[in-house]
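Engineer: The structure under discussion is supplied below as structure tokens; questions concerning it will follow.
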Amino acid sequence: MEDDISVLSRPQMYLFGCTLKSDKREFRVDADDDDAEQQLSLKAVCLGAEAEDKFHMVEIEGLTYDGKSTKVPLVVLKPSVLPSMSLGGFEITPPVTFRLQSGSGPVHISGQHFISVKDSEDEEEENNSSPVKRPAGLISGKKPPLKKLKMESDDDEDDSDEDEDDDDEDDDSDENDVKPQKNAGKEQKKKPSPGGRDKAQAGPAKPLSPSEIRSKLSTAAKEGKPLPKTEQKFENYVRSSFRITDKKVAKDLWDFVQTLKIEKK
């Protein structure tokens, strides 16, 4: 019985089509059955192969939202210009009348017709009194929630007992940890950090004086080590090797290197 009711209440889709021509210029779709809800979904309008090369206008007549009758043009077709048109699911509720306002046709209108049968009051009462739709709380009562609350309270008690045990263990561990910390403080006071001396000894290297740099350049020249041959390269060399940024000092060192070359010759 329930399966039959669900089939009746589910919308049924049917094919819809009508043809307007010179001897049948109107086609009406009525909503005679009050227990059924109907809907038209128009898909396409096209001219027949024998239609004359004239304008064919199709008019549609239906009801507005306030129940008044109104007429509006649906399509205007011509075989040489626009022989067909897609309406893309233009929906309208019957009653509705299609009328060939101009031209002799034939004009073919196609779409879908939806029909949904309404449930009767007796069927609604049966559905409302059906035990399947009764709330679960009315059938089972409040025992499961109480049981759940009781279980939660038991869990809370167990958690509280475990927390107390954990607190006791933490207190004992804290007492045991206090003494090593005190002794560790004394040991730290007695033993100076070895990093202090390293920090004192470590530091930026002191740059060489010009006389020391001359001595190194003289030694390099005697040993035959290559030195820059241009003043610009020499200036870069002393800047990177001896951290000499003063151009005057670099110029003096360059002149000194030139005298070494002359003496060597």
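By convention in this document, the chains of the structure tokens carry letters A, B, ... by their order, each chain's residues are numbered from 1, and ligands are numbered from 1 in the order they are shown.
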Can you list, as a list in words, every protein, DNA or RNA residue that comes within 12 Å of Lys216 (chain A) when you count only C-alpha atoms, leaving out same-chain residues fewer than 4 positions away?

Structural biologist: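 These residues fall inside the cut-off: Leu208, Ser209, Pro210, Ser211, Glu212, Ala220, Ala221, Lys222, Glu223, Lys225, Leu227, Val238, Ser241, Phe242, Leu253, Phe256 and Val257 of chain A.
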
Engineer: Filtering to C-alpha atoms, could you give me those residues as a PDB file, in the first residue's frame?

Structural biologist:
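Full text of result_1.pdb as output:
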ATOM      1  CA  LEU A 208      98.146  44.432  10.378  1.00  0.00           C
ATOM      2  CA  SER A 209      99.956  47.724  10.389  1.00  0.00           C
ATOM      3  CA  PRO A 210     101.349  49.131   7.107  1.00  0.00           C
ATOM      4  CA  SER A 211     104.907  48.243   8.159  1.00  0.00           C
ATOM      5  CA  GLU A 212     103.900  44.617   8.796  1.00  0.00           C
ATOM      6  CA  ALA A 220     106.440  37.401  -1.010  1.00  0.00           C
ATOM      7  CA  ALA A 221     108.446  39.260  -3.665  1.00  0.00           C
ATOM      8  CA  LYS A 222     111.687  37.594  -2.563  1.00  0.00           C
ATOM      9  CA  GLU A 223     110.072  34.142  -2.643  1.00  0.00           C
ATOM     10  CA  LYS A 225     105.143  34.781  -5.326  1.00  0.00           C
ATOM     11  CA  LEU A 227     101.525  39.919  -6.992  1.00  0.00           C
ATOM     12  CA  VAL A 238      95.082  44.323  -0.074  1.00  0.00           C
ATOM     13  CA  SER A 241      93.902  39.967   2.212  1.00  0.00           C
ATOM     14  CA  PHE A 242      94.825  42.676   4.753  1.00  0.00           C
ATOM     15  CA  LEU A 253     101.716  49.969  -0.566  1.00  0.00           C
ATOM     16  CA  PHE A 256     106.317  50.140  -2.246  1.00  0.00           C
ATOM     17  CA  VAL A 257     105.692  47.080  -4.420  1.00  0.00           C
TER      18      VAL A 257
END

Engineer: Taking only C-alpha atoms into account, name the residue in A:Val249, A:Ala49, A:Leu42, A:Ile92 that is nearest to Val75 (chain A).

Structural biologist: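 Counting only C-alpha atoms, the residue closest to Val75 (chain A) is A:Leu42.
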
Engineer: What's the 10 Å shell around Pro106 (chain A), counting only C-alpha atoms, without same-chain residues fewer than 5 positions away, as a ChimeraX atom specification?

Structural biologist: /A:19-25,46-52,56,100

Engineer: Hey, what's within 10 Å of Val72 (chain A) if we count only C-alpha atoms and toss same-chain stuff fewer than 2 positions away? As a ChimeraX atom specification, please?

Structural biologist: /A:58-62,70,74-75

Engineer: Provide the CA of Gln112 (chain A) to CA of Leu63 (chain A) distance in Å, to one decimal place.

Structural biologist: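 Separating CA of Gln112 (chain A) from CA of Leu63 (chain A) is a distance of 19.2 Å.
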
Engineer: Work out how far apart CA of Phe114 (chain A) and CA of Thr93 (chain A) are and give it in Å to one decimal.

Structural biologist: 9.8 Å

Engineer: What's the separation between CA of Asp32 (chain A) and CA of Arg99 (chain A), in Å to one decimal place?

Structural biologist: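 Taking CA of Asp32 (chain A) as the start and CA of Arg99 (chain A) as the end point, the length is 20.2 Å.
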
Engineer: Determine the nearest neighbour of Ser86 (chain A) from the options A:Lys68, A:Arg214, A:His108, A:Arg239, counting only C-alpha atoms.

Structural biologist: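 Of A:Lys68, A:Arg214, A:His108, A:Arg239, the one nearest Ser86 (chain A), counting only C-alpha atoms, is A:His108.
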